[in-house]
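Next up, protein36.csv (CSV, C-alpha atoms):
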```
chain,number,residue,atom,x,y,z
Y,1,MET,CA,3.1,-14.5,-19.0
Y,2,THR,CA,0.3,-15.7,-21.3
Y,3,VAL,CA,-3.2,-14.3,-21.7
Y,4,ASP,CA,-5.8,-16.6,-23.0
Y,5,SER,CA,-9.6,-16.8,-23.6
Y,6,TYR,CA,-11.5,-14.0,-25.1
Y,7,VAL,CA,-9.6,-11.1,-26.6
Y,8,PHE,CA,-9.8,-8.1,-24.3
Y,9,CYS,CA,-10.2,-4.9,-26.3
Y,10,PRO,CA,-8.7,-1.9,-24.6
Y,11,LEU,CA,-10.6,1.4,-24.9
Y,12,GLN,CA,-9.9,3.8,-27.7
Y,13,PRO,CA,-6.8,6.1,-27.2
Y,14,SER,CA,-9.3,9.1,-27.1
Y,15,ALA,CA,-11.0,7.6,-24.0
Y,16,TYR,CA,-7.7,7.3,-22.2
Y,17,LEU,CA,-6.7,10.9,-23.2
Y,18,ALA,CA,-10.1,12.2,-22.0
Y,19,ARG,CA,-9.8,10.5,-18.7
Y,20,LEU,CA,-6.2,11.5,-18.3
Y,21,THR,CA,-7.0,15.1,-19.1
Y,22,ALA,CA,-9.8,15.2,-16.6
Y,23,ASP,CA,-7.9,13.5,-13.8
Y,24,SER,CA,-4.7,15.4,-14.2
Y,25,THR,CA,-6.7,18.7,-14.2
Y,26,THR,CA,-8.4,17.6,-11.0
Y,27,PHE,CA,-5.0,16.7,-9.5
Y,28,GLY,CA,-3.7,20.2,-10.4
Y,29,GLN,CA,-6.7,21.8,-8.8
Y,30,LEU,CA,-6.0,20.0,-5.5
Y,31,LEU,CA,-2.4,21.3,-5.6
Y,32,GLU,CA,-3.8,24.8,-5.8
Y,33,SER,CA,-6.5,24.5,-3.1
Y,34,GLN,CA,-5.0,22.1,-0.5
Y,35,PRO,CA,-2.0,22.4,1.8
Y,36,LEU,CA,1.0,20.7,0.2
Y,37,ASP,CA,2.0,19.1,3.5
Y,38,THR,CA,-1.3,17.2,3.7
Y,39,PRO,CA,-0.3,13.6,4.6
Y,40,VAL,CA,-1.2,10.9,2.0
Y,41,ALA,CA,-1.9,7.9,4.2
Y,42,THR,CA,-2.2,5.5,1.2
Y,43,CYS,CA,1.4,6.3,0.1
Y,44,GLY,CA,3.5,5.7,3.3
Y,45,ASP,CA,5.1,8.8,4.6
Y,46,TRP,CA,4.4,11.0,1.5
Y,47,ASP,CA,2.6,14.2,1.7
Y,48,LEU,CA,0.6,15.9,-1.2
Y,49,ALA,CA,3.8,17.6,-2.5
Y,50,ALA,CA,5.7,14.3,-2.6
Y,51,LEU,CA,2.8,12.6,-4.4
Y,52,ALA,CA,2.5,15.3,-7.0
Y,53,THR,CA,6.3,15.3,-7.5
Y,54,HIS,CA,6.1,11.5,-8.2
Y,55,VAL,CA,3.2,11.8,-10.6
Y,56,GLY,CA,4.7,14.8,-12.4
Y,57,TRP,CA,8.1,13.0,-12.7
Y,58,VAL,CA,6.3,10.0,-14.2
Y,59,TYR,CA,4.6,12.3,-16.8
Y,60,ARG,CA,7.9,13.9,-17.8
Y,61,TRP,CA,9.8,10.6,-17.8
Y,62,ALA,CA,7.2,8.9,-20.0
Y,63,THR,CA,7.2,12.0,-22.3
Y,64,VAL,CA,11.0,11.6,-22.9
Y,65,ALA,CA,10.5,7.9,-23.5
Y,66,MET,CA,7.8,8.6,-26.1
Y,67,GLN,CA,9.8,11.4,-27.8
Y,68,THR,CA,13.1,9.5,-28.0
Y,69,ALA,CA,11.9,5.8,-28.3
Y,70,ALA,CA,14.7,5.1,-25.8
Y,71,MET,CA,15.1,4.6,-22.1
Y,72,PRO,CA,15.6,8.1,-20.6
Y,73,ASP,CA,19.0,8.8,-19.2
Y,74,ARG,CA,19.5,9.1,-15.5
Y,75,GLY,CA,18.9,12.7,-14.6
Y,76,ALA,CA,16.9,13.4,-17.8
Y,77,VAL,CA,14.0,14.6,-15.8
Y,78,GLU,CA,14.3,17.3,-13.2
Y,79,ARG,CA,12.2,17.8,-10.1
Y,80,PRO,CA,11.0,21.1,-8.8
Y,81,SER,CA,13.5,22.9,-6.7
Y,82,SER,CA,11.0,24.2,-4.2
Y,83,PRO,CA,7.3,23.8,-3.3
Y,84,ASP,CA,6.6,27.2,-4.8
Y,85,GLU,CA,7.5,25.8,-8.2
Y,86,LEU,CA,5.5,22.6,-7.9
Y,87,HIS,CA,2.2,23.6,-9.4
Y,88,GLU,CA,3.7,25.3,-12.5
Y,89,TRP,CA,6.2,22.4,-12.9
Y,90,PHE,CA,3.3,19.9,-12.7
Y,91,THR,CA,1.0,21.8,-15.0
Y,92,ASN,CA,3.7,22.3,-17.7
Y,93,GLY,CA,4.8,18.7,-17.6
Y,94,THR,CA,1.2,17.6,-17.8
Y,95,ALA,CA,0.6,19.7,-20.9
Y,96,ASP,CA,3.8,18.4,-22.6
Y,97,MET,CA,2.7,14.8,-21.9
Y,98,LEU,CA,-0.9,15.3,-23.2
Y,99,ASN,CA,0.4,17.0,-26.4
Y,100,THR,CA,2.9,14.2,-27.0
Y,101,LEU,CA,0.2,11.5,-26.4
Y,102,ALA,CA,-2.1,13.3,-28.9
Y,103,GLU,CA,0.6,13.1,-31.6
Y,104,ILE,CA,2.1,9.7,-31.2
Y,105,ASP,CA,1.5,6.8,-33.6
Y,106,PRO,CA,0.2,4.0,-31.4
Y,107,ASN,CA,2.1,1.5,-33.6
Y,108,GLY,CA,5.3,3.5,-33.4
Y,109,PRO,CA,8.3,2.7,-31.3
Y,110,THR,CA,8.8,3.7,-27.7
Y,111,TRP,CA,10.7,2.4,-24.7
Y,112,HIS,CA,8.9,1.2,-21.5
Y,113,PRO,CA,9.8,-1.2,-18.7
Y,114,PHE,CA,6.9,-3.6,-19.1
Y,115,ALA,CA,6.3,-7.0,-20.8
Y,116,PRO,CA,4.1,-5.9,-23.8
Y,117,PRO,CA,5.8,-5.0,-27.1
Y,118,GLN,CA,7.7,-1.7,-27.3
Y,119,LEU,CA,4.9,0.2,-28.9
Y,120,ALA,CA,3.8,3.8,-28.1
Y,121,GLY,CA,0.2,2.7,-27.8
Y,122,LEU,CA,0.9,1.4,-24.3
Y,123,TRP,CA,1.4,4.9,-22.9
Y,124,PRO,CA,-2.1,6.4,-23.0
Y,125,ARG,CA,-3.6,3.4,-21.1
Y,126,ARG,CA,-0.7,3.1,-18.6
Y,127,LEU,CA,-0.6,6.8,-17.8
Y,128,ALA,CA,-4.4,7.0,-17.5
Y,129,HIS,CA,-4.5,4.3,-14.9
Y,130,GLU,CA,-1.4,5.5,-13.1
Y,131,THR,CA,-3.2,8.9,-12.7
Y,132,THR,CA,-6.5,7.3,-11.6
Y,133,ILE,CA,-4.9,5.5,-8.7
Y,134,HIS,CA,-2.8,8.5,-7.6
Y,135,LEU,CA,-5.6,11.0,-7.9
Y,136,LEU,CA,-7.6,8.6,-5.6
Y,137,ASP,CA,-4.7,8.9,-3.2
Y,138,ALA,CA,-4.8,12.7,-3.3
Y,139,GLN,CA,-8.6,12.8,-3.0
Y,140,LEU,CA,-8.6,10.5,0.0
Y,141,ALA,CA,-6.0,12.6,1.7
Y,142,CYS,CA,-7.9,15.8,1.0
Y,143,SER,CA,-11.3,14.4,1.8
Y,144,ASP,CA,-12.4,15.2,-1.8
Y,145,GLN,CA,-15.0,13.2,-3.7
Y,146,GLN,CA,-13.8,10.0,-5.3
Y,147,ASP,CA,-15.3,8.8,-8.5
Y,148,VAL,CA,-13.9,6.1,-10.8
Y,149,ASP,CA,-15.8,5.2,-14.0
Y,150,ALA,CA,-16.7,1.5,-13.8
Y,151,VAL,CA,-15.8,0.7,-17.4
Y,152,MET,CA,-12.5,2.5,-17.0
Y,153,ALA,CA,-11.9,0.6,-13.7
Y,154,SER,CA,-12.5,-2.7,-15.4
Y,155,ASP,CA,-10.0,-1.8,-18.0
Y,156,GLY,CA,-7.7,-0.8,-15.2
Y,157,ILE,CA,-7.9,-4.2,-13.6
Y,158,ASP,CA,-7.0,-5.8,-16.9
Y,159,GLU,CA,-4.1,-3.4,-17.3
Y,160,TYR,CA,-2.9,-4.1,-13.7
Y,161,LEU,CA,-2.9,-7.9,-14.3
Y,162,THR,CA,-1.3,-7.9,-17.7
Y,163,VAL,CA,1.1,-4.9,-17.6
Y,164,ALA,CA,1.8,-3.7,-14.0
Y,165,LEU,CA,1.6,-7.0,-12.0
Y,166,PRO,CA,4.3,-8.9,-13.9
Y,167,ARG,CA,6.7,-6.0,-13.4
Y,168,VAL,CA,5.9,-5.8,-9.7
Y,169,LEU,CA,6.4,-9.6,-9.3
Y,170,ALA,CA,9.8,-9.3,-11.0
Y,171,GLY,CA,11.0,-6.9,-8.4
Y,172,GLU,CA,13.3,-7.8,-5.5
Y,173,GLY,CA,11.6,-9.1,-2.3
Y,174,VAL,CA,8.2,-9.8,-4.0
Y,175,THR,CA,7.0,-13.4,-3.9
Y,176,THR,CA,4.6,-14.7,-6.6
Y,177,PRO,CA,1.7,-16.6,-4.9
Y,178,THR,CA,1.5,-20.3,-6.0
Y,179,THR,CA,-2.3,-20.2,-5.7
Y,180,THR,CA,-5.0,-19.3,-8.2
Y,181,LEU,CA,-7.3,-16.2,-8.0
Y,182,HIS,CA,-10.5,-15.4,-9.7
Y,183,ILE,CA,-11.7,-11.8,-10.1
Y,184,HIS,CA,-15.3,-10.9,-11.0
Y,185,CYS,CA,-16.7,-7.4,-11.6
Y,186,THR,CA,-20.3,-7.2,-10.5
Y,187,ASP,CA,-21.3,-3.9,-12.2
Y,188,VAL,CA,-19.7,-4.1,-15.6
Y,189,GLU,CA,-18.1,-6.8,-17.8
Y,190,GLY,CA,-14.8,-8.2,-16.5
Y,191,GLU,CA,-13.7,-11.6,-15.2
Y,192,TRP,CA,-10.2,-13.0,-14.9
Y,193,LEU,CA,-8.5,-16.2,-13.6
Y,194,ILE,CA,-4.9,-15.9,-12.6
Y,195,VAL,CA,-2.8,-19.1,-12.5
Y,196,PRO,CA,0.9,-19.0,-11.7
Y,197,SER,CA,3.2,-21.2,-13.8
Y,198,PRO,CA,6.9,-21.8,-14.2
Y,199,ASP,CA,6.8,-19.5,-17.2
Y,200,GLY,CA,4.9,-16.7,-15.4
Y,201,LEU,CA,1.3,-15.9,-15.0
Y,202,ILE,CA,-1.4,-17.5,-17.1
Y,203,ILE,CA,-4.4,-15.1,-17.2
Y,204,THR,CA,-7.7,-16.3,-18.7
Y,205,ARG,CA,-10.6,-13.9,-19.1
Y,206,GLU,CA,-13.4,-16.2,-18.1
Y,207,HIS,CA,-15.8,-17.3,-15.4
Y,208,ALA,CA,-13.8,-20.0,-13.5
Y,209,LYS,CA,-13.1,-21.2,-10.0
Y,210,GLY,CA,-9.9,-20.3,-8.2
Y,211,ASP,CA,-8.5,-21.0,-4.8
Y,212,ALA,CA,-10.0,-17.6,-3.8
Y,213,ALA,CA,-12.3,-15.1,-5.6
Y,214,LEU,CA,-12.7,-11.4,-5.4
Y,215,ARG,CA,-16.1,-10.0,-6.3
Y,216,GLY,CA,-17.4,-6.5,-6.3
Y,217,PRO,CA,-17.8,-3.2,-8.3
Y,218,ALA,CA,-14.9,-2.6,-10.7
Y,219,GLY,CA,-13.7,0.5,-8.9
Y,220,ALA,CA,-13.5,-1.2,-5.5
Y,221,LEU,CA,-11.7,-4.2,-7.0
Y,222,LEU,CA,-9.2,-1.9,-8.8
Y,223,ALA,CA,-8.5,0.1,-5.6
Y,224,ASP,CA,-8.0,-3.1,-3.5
Y,225,LEU,CA,-5.7,-4.7,-6.1
Y,226,TRP,CA,-3.5,-1.6,-6.0
Y,227,GLY,CA,-3.4,-1.8,-2.2
Y,228,ARG,CA,-6.0,0.9,-1.4
Y,229,ARG,CA,-8.2,-1.5,0.6
Y,230,GLY,CA,-11.8,-0.2,1.0
Y,231,ALA,CA,-11.1,3.1,-0.7
Y,232,LEU,CA,-14.0,2.7,-3.1
Y,233,GLY,CA,-16.2,0.4,-1.2
Y,234,ASP,CA,-16.1,-3.2,0.0
Y,235,ILE,CA,-15.5,-6.3,-2.0
Y,236,ASP,CA,-16.6,-9.9,-1.3
Y,237,ILE,CA,-13.9,-12.6,-0.8
Y,238,ALA,CA,-14.8,-16.2,-1.3
Y,239,GLY,CA,-12.7,-19.3,-0.9
Y,240,ASP,CA,-9.4,-19.2,1.0
Y,241,ALA,CA,-9.0,-15.8,2.7
Y,242,ASP,CA,-5.3,-16.2,3.1
Y,243,VAL,CA,-4.9,-16.8,-0.7
Y,244,ALA,CA,-6.9,-13.6,-1.4
Y,245,ALA,CA,-4.7,-11.7,1.1
Y,246,SER,CA,-1.5,-12.9,-0.6
Y,247,TRP,CA,-2.7,-11.5,-3.9
Y,248,LEU,CA,-4.1,-8.3,-2.5
Y,249,ALA,CA,-0.8,-7.6,-0.7
Y,250,ILE,CA,1.2,-7.3,-3.9
Y,251,GLY,CA,-0.3,-4.1,-5.1
Y,252,GLY,CA,1.0,-2.3,-2.0
Y,253,ASN,CA,4.6,-3.0,-3.0
```
Kindly present the structure from the file in C-alpha cells form.
Amino acid sequence: MTVDSYVFCPLQPSAYLARLTADSTTFGQLLESQPLDTPVATCGDWDLAALATHVGWVYRWATVAMQTAAMPDRGAVERPSSPDELHEWFTNGTADMLNTLAEIDPNGPTWHPFAPPQLAGLWPRRLAHETTIHLLDAQLACSDQQDVDAVMASDGIDEYLTVALPRVLAGEGVTTPTTTLHIHCTDVEGEWLIVPSPDGLIITREHAKGDAALRGPAGALLADLWGRRGALGDIDIAGDADVAASWLAIGGN
C-alpha cells in the first residue's frame, strides 16, 4: 500500500487519550445501566455482554503488546468467567490500558498486526477509533445518544483506509474491489481517492474522480465504511452504485 499527496497529520496522542478515556467511560456506564443481554444488531448475534467482552479483550491484548513489544501468547488475556464479573473486568482492563498508553514512548517498539511500522504510537489512534465504533454499536443497541466528533471521525476515516482496511483485505474470503473510490467529507477537511493496484491500495488524499464517490458528514462516512450503514445519518453516493456498495461491504467483514 502506498499513501501519496498531502501529508496527513494524525491528532496529538493527548487527543486520542482524551477521546478514549471519555468513550470507554461511557461504555462502562452502559454496562452498569443496561441489561447485558441487550441484542447488538450491528454486531451479528452479539449482545451487550459479548460486545463488552470483545472490547475489553482488545484493551488487554493491546496492553500486553505495548508492555512486551511482542505478539501476546495465545491465552495471555483472560475473559471474565461470569457476567457478574464483566463490569469490574472491563473497568480494570481499561484503567491498565490508559495508564500504559500515557506512559509509552510513541517512537518505542511494539507489536501489532497492521502494515505501519512497529511503533507504539500506533496504539492510541487505533484504540481510540476501535472504541468509537464499538461504543456506537452499544449506543445504538441501548437507544443512547450517539455523538462522534467530526474532526475525530475524519481522522478515523484515514485510519480505516491506511491501517484497518489493508488488514481486512488480507483476510480469507475478502475480495479487493478493482474499481476506484473517492471519499469526501462535507463538514470538515478530508478527501481520499482509493486506487487498487497489484502492489496493494494506492491512497491519495485529494479531490479527484473515482468510479464512485461517497460524500457526507465525516461521522456518517466513518460509520458507513465500518458497515454501520445510516447509523449517523445519510451519505450521498455518486457514480456507480455497485462500485460504492462493493467498497462499503468490506467494513462489515
**Request:** To one decimal in Å, tell me the separation between atom CA of Val195 of chain Y and atom CA of His182 of chain Y.
**Result:**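 Atom-to-atom, atom CA of Val195 of chain Y and atom CA of His182 of chain Y are spaced 9.0 Å apart.
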**Request:** Provide the atom CA of Leu248 of chain Y to atom CA of Gly56 of chain Y distance in Å, to one decimal place.
**Result:**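 Between these atoms lies a distance of 26.6 Å.
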**Request:** For Gln67 of chain Y, please output as a list in words all residues within 12 Å (counting only C-alpha atoms; exclusion window: fewer than 5 positions along the same chain).
**Result:** Arg60, Trp61, Ala62, Pro72, Asp96, Met97, Asn99, Thr100, Leu101, Glu103, Ile104, Asp105, Gly108, Pro109, Thr110, Trp111, Ala120 and Trp123 of chain Y
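Near Asp187 of chain Y, within 10 Å and counting all atoms listed in the file, sit Ala150, Val151, Ser154, His184, Cys185, Glu189, Gly190, Arg215, Gly216, Pro217, Ala218 and Gly219 of chain Y; same-chain residues fewer than 2 positions away were not included.
Going from atom CA of Leu222 of chain Y over to atom CA of Asp149 of chain Y, you cover 11.0 Å.
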Which polymer residues have any atom within 10 Å of an atom of segment 28-43 of chain Y, counting all atoms listed in the file, with same-chain residues fewer than 2 positions away left out, as a compact mmCIF listing (two decimals) with C-alpha atoms, in the coordinates of the input?
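As a result, part-v9.txt now contains:
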```
# COMPACT_ATOMS: atom_id res chain seq x y z
CA ASP Y 23 -7.90 13.50 -13.80
CA SER Y 24 -4.70 15.40 -14.20
CA THR Y 25 -6.70 18.70 -14.20
CA THR Y 26 -8.40 17.60 -11.00
CA ASP Y 45 5.10 8.80 4.60
CA TRP Y 46 4.40 11.00 1.50
CA ASP Y 47 2.60 14.20 1.70
CA LEU Y 48 0.60 15.90 -1.20
CA ALA Y 49 3.80 17.60 -2.50
CA ALA Y 50 5.70 14.30 -2.60
CA LEU Y 51 2.80 12.60 -4.40
CA ALA Y 52 2.50 15.30 -7.00
CA PRO Y 83 7.30 23.80 -3.30
CA ASP Y 84 6.60 27.20 -4.80
CA LEU Y 86 5.50 22.60 -7.90
CA HIS Y 87 2.20 23.60 -9.40
CA GLU Y 88 3.70 25.30 -12.50
CA PHE Y 90 3.30 19.90 -12.70
CA THR Y 91 1.00 21.80 -15.00
CA THR Y 94 1.20 17.60 -17.80
CA HIS Y 134 -2.80 8.50 -7.60
CA LEU Y 135 -5.60 11.00 -7.90
CA LEU Y 136 -7.60 8.60 -5.60
CA ASP Y 137 -4.70 8.90 -3.20
CA ALA Y 138 -4.80 12.70 -3.30
CA GLN Y 139 -8.60 12.80 -3.00
CA LEU Y 140 -8.60 10.50 0.00
CA ALA Y 141 -6.00 12.60 1.70
CA CYS Y 142 -7.90 15.80 1.00
CA ASP Y 144 -12.40 15.20 -1.80
CA GLY Y 227 -3.40 -1.80 -2.20
CA ARG Y 228 -6.00 0.90 -1.40
CA ARG Y 229 -8.20 -1.50 0.60
CA ALA Y 231 -11.10 3.10 -0.70
CA GLY Y 252 1.00 -2.30 -2.00
```
**Asked** Quick one: of Y:Met71, Y:Ala76, Y:Ala95, Y:Ile194, who's nearest to Gln118 of chain Y, counting all atoms listed in the file?
**Response** Y:Met71
**Prompt:** So, counting only C-alpha atoms, which residue among Y:Leu221, Y:Ala115, Y:Leu169, Y:Ala244 is closest to Asp155 of chain Y?
**Reply:** Y:Leu221
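Counting all atoms listed in the file and comparing Y:Ala223, Y:Leu201, Y:Leu161, Y:Leu122, the residue that lies closest to Val148 of chain Y is Y:Ala223.
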**Fill in**
The residue from Y:Ile203, Y:Ala128, Y:Met66, Y:Val174 with the smallest atom-to-atom distance to Met152 of chain Y, counting all atoms listed in the file, is Y:Ala128
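Among Y:Thr175, Y:Arg126, Y:Gln145, Y:Ala69, the residue with the shortest atom-to-atom distance to Val163 of chain Y, counting all atoms listed in the file, is Y:Arg126.
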Export segment 203-226 of chain Y from the structure block above, keeping N, CA and C atoms, as a PDB file, in the first residue's frame.
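What follows is the written file out-v5.pdb:
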```pdb
ATOM      1  N   ILE Y 203      -3.478   5.211  -2.048  1.00  0.00           N
ATOM      2  CA  ILE Y 203      -4.406   6.163  -1.454  1.00  0.00           C
ATOM      3  C   ILE Y 203      -3.818   7.554  -1.601  1.00  0.00           C
ATOM      4  N   THR Y 204      -4.547   8.412  -2.287  1.00  0.00           N
ATOM      5  CA  THR Y 204      -4.133   9.804  -2.416  1.00  0.00           C
ATOM      6  C   THR Y 204      -5.160  10.668  -1.702  1.00  0.00           C
ATOM      7  N   ARG Y 205      -4.674  11.613  -0.937  1.00  0.00           N
ATOM      8  CA  ARG Y 205      -5.553  12.493  -0.173  1.00  0.00           C
ATOM      9  C   ARG Y 205      -5.768  13.758  -0.997  1.00  0.00           C
ATOM     10  N   GLU Y 206      -6.797  13.717  -1.836  1.00  0.00           N
ATOM     11  CA  GLU Y 206      -7.001  14.803  -2.797  1.00  0.00           C
ATOM     12  C   GLU Y 206      -8.429  14.783  -3.310  1.00  0.00           C
ATOM     13  N   HIS Y 207      -8.803  15.873  -3.985  1.00  0.00           N
ATOM     14  CA  HIS Y 207     -10.071  15.943  -4.679  1.00  0.00           C
ATOM     15  C   HIS Y 207      -9.861  15.342  -6.070  1.00  0.00           C
ATOM     16  N   ALA Y 208     -10.483  14.209  -6.335  1.00  0.00           N
ATOM     17  CA  ALA Y 208     -10.278  13.508  -7.600  1.00  0.00           C
ATOM     18  C   ALA Y 208     -11.514  12.687  -7.909  1.00  0.00           C
ATOM     19  N   LYS Y 209     -11.626  12.246  -9.135  1.00  0.00           N
ATOM     20  CA  LYS Y 209     -12.800  11.496  -9.572  1.00  0.00           C
ATOM     21  C   LYS Y 209     -12.518   9.999  -9.524  1.00  0.00           C
ATOM     22  N   GLY Y 210     -13.429   9.267  -8.916  1.00  0.00           N
ATOM     23  CA  GLY Y 210     -13.344   7.817  -8.891  1.00  0.00           C
ATOM     24  C   GLY Y 210     -14.528   7.204  -9.617  1.00  0.00           C
ATOM     25  N   ASP Y 211     -14.535   5.886  -9.713  1.00  0.00           N
ATOM     26  CA  ASP Y 211     -15.683   5.212 -10.328  1.00  0.00           C
ATOM     27  C   ASP Y 211     -16.957   5.446  -9.523  1.00  0.00           C
ATOM     28  N   ALA Y 212     -16.782   5.675  -8.251  1.00  0.00           N
ATOM     29  CA  ALA Y 212     -17.897   6.050  -7.375  1.00  0.00           C
ATOM     30  C   ALA Y 212     -17.368   7.018  -6.327  1.00  0.00           C
ATOM     31  N   ALA Y 213     -18.261   7.763  -5.732  1.00  0.00           N
ATOM     32  CA  ALA Y 213     -17.877   8.722  -4.696  1.00  0.00           C
ATOM     33  C   ALA Y 213     -18.859   8.648  -3.535  1.00  0.00           C
ATOM     34  N   LEU Y 214     -18.314   8.784  -2.326  1.00  0.00           N
ATOM     35  CA  LEU Y 214     -19.111   8.875  -1.110  1.00  0.00           C
ATOM     36  C   LEU Y 214     -18.913  10.271  -0.536  1.00  0.00           C
ATOM     37  N   ARG Y 215     -20.003  10.990  -0.295  1.00  0.00           N
ATOM     38  CA  ARG Y 215     -19.950  12.342   0.248  1.00  0.00           C
ATOM     39  C   ARG Y 215     -20.899  12.437   1.434  1.00  0.00           C
ATOM     40  N   GLY Y 216     -20.434  13.122   2.459  1.00  0.00           N
ATOM     41  CA  GLY Y 216     -21.306  13.316   3.600  1.00  0.00           C
ATOM     42  C   GLY Y 216     -20.521  13.756   4.817  1.00  0.00           C
ATOM     43  N   PRO Y 217     -21.207  13.979   5.949  1.00  0.00           N
ATOM     44  CA  PRO Y 217     -20.518  14.314   7.187  1.00  0.00           C
ATOM     45  C   PRO Y 217     -19.532  13.214   7.565  1.00  0.00           C
ATOM     46  N   ALA Y 218     -18.424  13.610   8.186  1.00  0.00           N
ATOM     47  CA  ALA Y 218     -17.367  12.649   8.492  1.00  0.00           C
ATOM     48  C   ALA Y 218     -17.872  11.489   9.350  1.00  0.00           C
ATOM     49  N   GLY Y 219     -18.698  11.791  10.344  1.00  0.00           N
ATOM     50  CA  GLY Y 219     -19.212  10.731  11.198  1.00  0.00           C
ATOM     51  C   GLY Y 219     -20.038   9.715  10.441  1.00  0.00           C
ATOM     52  N   ALA Y 220     -20.899  10.190   9.551  1.00  0.00           N
ATOM     53  CA  ALA Y 220     -21.731   9.285   8.762  1.00  0.00           C
ATOM     54  C   ALA Y 220     -20.875   8.434   7.826  1.00  0.00           C
ATOM     55  N   LEU Y 221     -19.855   9.044   7.219  1.00  0.00           N
ATOM     56  CA  LEU Y 221     -18.959   8.290   6.341  1.00  0.00           C
ATOM     57  C   LEU Y 221     -18.209   7.216   7.118  1.00  0.00           C
ATOM     58  N   LEU Y 222     -17.699   7.577   8.292  1.00  0.00           N
ATOM     59  CA  LEU Y 222     -16.963   6.620   9.101  1.00  0.00           C
ATOM     60  C   LEU Y 222     -17.842   5.434   9.480  1.00  0.00           C
ATOM     61  N   ALA Y 223     -19.050   5.725   9.933  1.00  0.00           N
ATOM     62  CA  ALA Y 223     -19.960   4.649  10.319  1.00  0.00           C
ATOM     63  C   ALA Y 223     -20.272   3.738   9.133  1.00  0.00           C
ATOM     64  N   ASP Y 224     -20.530   4.319   7.965  1.00  0.00           N
ATOM     65  CA  ASP Y 224     -20.872   3.520   6.803  1.00  0.00           C
ATOM     66  C   ASP Y 224     -19.693   2.679   6.330  1.00  0.00           C
ATOM     67  N   LEU Y 225     -18.488   3.238   6.362  1.00  0.00           N
ATOM     68  CA  LEU Y 225     -17.311   2.475   5.955  1.00  0.00           C
ATOM     69  C   LEU Y 225     -17.083   1.270   6.864  1.00  0.00           C
ATOM     70  N   TRP Y 226     -17.446   1.411   8.125  1.00  0.00           N
ATOM     71  CA  TRP Y 226     -17.301   0.301   9.067  1.00  0.00           C
ATOM     72  C   TRP Y 226     -18.535  -0.611   9.087  1.00  0.00           C
TER      73      TRP Y 226
END
```
